[in-house]
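> Take a look at the following structure, please.
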Amino acid sequence: MFLVRREIVVDGKPYRVQIDNCNVKEPFSVKVNDKPIEVALEEEPDYKKPFTIKVHGKPYIVELTKIDKQAPFSVKVNNTLLKVELKLTAKKITATPTSPTSILIQRPTKRIVEEGVVTAPMAGKIISVKVQKGESVKVGDVLCTLEAMKMENEVTAPKNGVIKEVTIQEGQTVNADDILVVIK
C-alpha cells in the first residue's frame, strides 16, 4: 500500500491527484480533484516504451519521453501531445516511520520501503547530514537539515535505533518521498 499526492498541471489546467493503492493487472482507484476514477495497468509500465492504461475500462496508450520534477515535460496520450508540470505541494515536516508494506512510486522507478525508512517530507536541498552509518540515534535526534522554500527544516529520527544507511549528502537535491536514512 502506498500514498501519492501530487498537484499537476496538464496543458495549463491544474489537477489534484491522489493514488492510495496501485495494483498491476487489477483495477485501482485514483482521485482526480477528489473524484474517484477506476484505473488499470495491464503490466508494470516501462517508461522507455509506450504502455497501456485503462481508465473506466477505456484503454489509453501513454508515451513518456522524460519525467522532469523541476520543469514541464511532454506526455503523449493516444497520439495527443500534452504539456505536464508537477507542482510541489506543502507537507507537514514530520518524519514518521513507514509501514513495512508501504510502496512509494517515484517515476520512473518503484521502491519498496521497509520499516525504519525516513523519507523527505518535501522537495529541497540537503544543507547538512548529522548522522553516519553505524551511529545510534534516539527519537527526535536530528538526522539532517533540509532547505525548502528558503526555510531550513530539521528531519528527526522517528524511532530509536542504529543508522543502517545514509543515502544523502550535503548539497544534494531531493524530491518529496526520496529515502534519506534507514534506521534499524
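Numbering starts fresh at 1 for the residues of each chain in the C-alpha cells, the chains themselves are lettered A, B, ... in the order given, and ligands are numbered from 1 as they appear.
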Please list as a list in words every residue within 7 Å of stretch 130-134 of chain A, counting only C-alpha atoms and excluding residues in the same chain fewer than 3 positions away.

Val142, Leu143, Cys144, Val162, Ile163, Lys164, Glu165 and Val166 of chain A

> With N, CA and C atoms retained, could you export that selection as a CSV table (one decimal), in the first residue's frame?


```csv
chain,number,residue,atom,x,y,z
A,142,VAL,N,18.2,14.9,15.4
A,142,VAL,CA,18.2,15.4,14.1
A,142,VAL,C,19.1,14.6,13.2
A,143,LEU,N,18.5,14.1,12.0
A,143,LEU,CA,19.2,13.3,11.1
A,143,LEU,C,19.9,14.2,10.0
A,144,CYS,N,19.1,15.2,9.5
A,144,CYS,CA,19.6,16.1,8.5
A,144,CYS,C,18.8,17.4,8.5
A,162,VAL,N,19.8,2.2,15.2
A,162,VAL,CA,21.1,2.4,14.6
A,162,VAL,C,21.0,2.7,13.2
A,163,ILE,N,21.8,3.7,12.7
A,163,ILE,CA,21.7,4.1,11.3
A,163,ILE,C,22.3,2.9,10.4
A,164,LYS,N,21.4,2.4,9.6
A,164,LYS,CA,21.8,1.3,8.7
A,164,LYS,C,22.3,1.8,7.4
A,165,GLU,N,21.7,2.9,6.9
A,165,GLU,CA,22.1,3.5,5.7
A,165,GLU,C,21.8,5.0,5.6
A,166,VAL,N,22.7,5.8,5.0
A,166,VAL,CA,22.5,7.2,4.8
A,166,VAL,C,22.6,7.3,3.2
```

> Extract, using only C-alpha atoms, all DNA, RNA and protein residues at most 6 Å from A:Lys31, discarding same-chain residues fewer than 2 positions from it, and format them as an MDAnalysis selection string.

chainID A and resid 17:18 34:37

> With N, CA and C atoms retained, export the selected residues as an mmCIF file, in the first residue's frame.


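Below you can see again.cif, which holds the result:
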```
data_model
loop_
_atom_site.group_PDB
_atom_site.id
_atom_site.type_symbol
_atom_site.label_atom_id
_atom_site.label_comp_id
_atom_site.auth_asym_id
_atom_site.auth_seq_id
_atom_site.Cartn_x
_atom_site.Cartn_y
_atom_site.Cartn_z
ATOM 1 N N VAL A 17 -4.153 15.074 -7.722
ATOM 2 C CA VAL A 17 -4.191 13.638 -7.974
ATOM 3 C C VAL A 17 -3.760 12.905 -6.708
ATOM 4 N N GLN A 18 -4.532 11.886 -6.347
ATOM 5 C CA GLN A 18 -4.193 11.062 -5.186
ATOM 6 C C GLN A 18 -4.330 9.600 -5.566
ATOM 7 N N ASP A 34 -10.595 15.097 -6.201
ATOM 8 C CA ASP A 34 -11.476 14.402 -5.250
ATOM 9 C C ASP A 34 -12.534 13.520 -5.907
ATOM 10 N N LYS A 35 -12.466 13.329 -7.229
ATOM 11 C CA LYS A 35 -13.402 12.457 -7.928
ATOM 12 C C LYS A 35 -12.713 11.119 -8.184
ATOM 13 N N PRO A 36 -13.273 9.988 -7.687
ATOM 14 C CA PRO A 36 -12.644 8.685 -7.908
ATOM 15 C C PRO A 36 -12.732 8.237 -9.372
ATOM 16 N N ILE A 37 -11.633 7.700 -9.860
ATOM 17 C CA ILE A 37 -11.550 7.188 -11.224
ATOM 18 C C ILE A 37 -10.953 5.791 -11.152
#
```

> What does the structure give for the distance between atom CA of A:Asn153 and atom CA of A:Arg6, in Å to one decimal?

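Between these atoms lies a distance of 20.8 Å.
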
> Suppose you want the space between atom CA of A:Ile127 and atom CA of A:Lys159; what is it in Å?

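Calculated distance between atom CA of A:Ile127 and atom CA of A:Lys159 is 22.2 Å.
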
> Name all residues at most 8 Å from A:Ile168 (count only C-alpha atoms; drop same-chain ones fewer than 6 positions away) and give them as a PyMOL selection string.

chain A and resi 126+129+180-181

> Would you save the residues of that selection, restricted to C-alpha atoms, as a short mmCIF file (atom, residue, chain, number, x, y, z; two decimals), in the first residue's frame?


```
data_model
loop_
_atom_site.label_atom_id
_atom_site.label_comp_id
_atom_site.auth_asym_id
_atom_site.auth_seq_id
_atom_site.Cartn_x
_atom_site.Cartn_y
_atom_site.Cartn_z
CA ILE A 126 20.17 18.85 1.94
CA VAL A 129 23.78 15.49 7.33
CA LEU A 180 17.11 9.89 3.28
CA VAL A 181 18.11 7.49 6.05
#
```

> Report as number ranges by chain all protein, DNA and RNA residues lying within 7 Å of A:Gly140, evaluated on only C-alpha atoms, omitting residues in the same chain fewer than 5 positions from it.

A: 156-158

> What does the distance from atom CA of A:Glu63 to atom CA of A:Ala176 come to in Å, to one decimal?

24.0 Å

> Smallest atom-to-atom distance to A:His56: which of A:Glu26, A:Glu44, A:Glu38, A:Glu152, using only C-alpha atoms?

A:Glu38

> Excluding A:Gly124 and residues on its chain fewer than 2 positions from it, collect all residues at most 8 Å away from it, counting only C-alpha atoms, and give them as a list in words.

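Neighbouring residues, sequence-local ones excluded: Met122, Ile126, Leu146, Glu147, Ala148, Met149, Thr173, Val174, Asn175 and Ala176 of chain A.
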
> Find the residues around A:Pro14 up to 10 Å (only C-alpha atoms counted), leave out those fewer than 4 positions away in its own chain, and share them as a list of chain:residue names.

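The residues that qualify are A:Glu7, A:Ile8, A:Val9, A:Val10, A:Asn33, A:Val84, A:Glu85, A:Leu86, A:Lys87.
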
> Which of these residues is nearest to A:Asp11, using only C-alpha atoms: A:Ile67, A:Val155, A:Leu82, A:Val39?

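Ranking A:Ile67, A:Val155, A:Leu82, A:Val39 by distance to A:Asp11, first place goes to A:Leu82.
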
> Using only C-alpha atoms, pick whichever of A:Thr145, A:Gln172, A:Lys138, A:Lys125 has the shortest atom-to-atom distance to A:Asn160.

A:Lys138
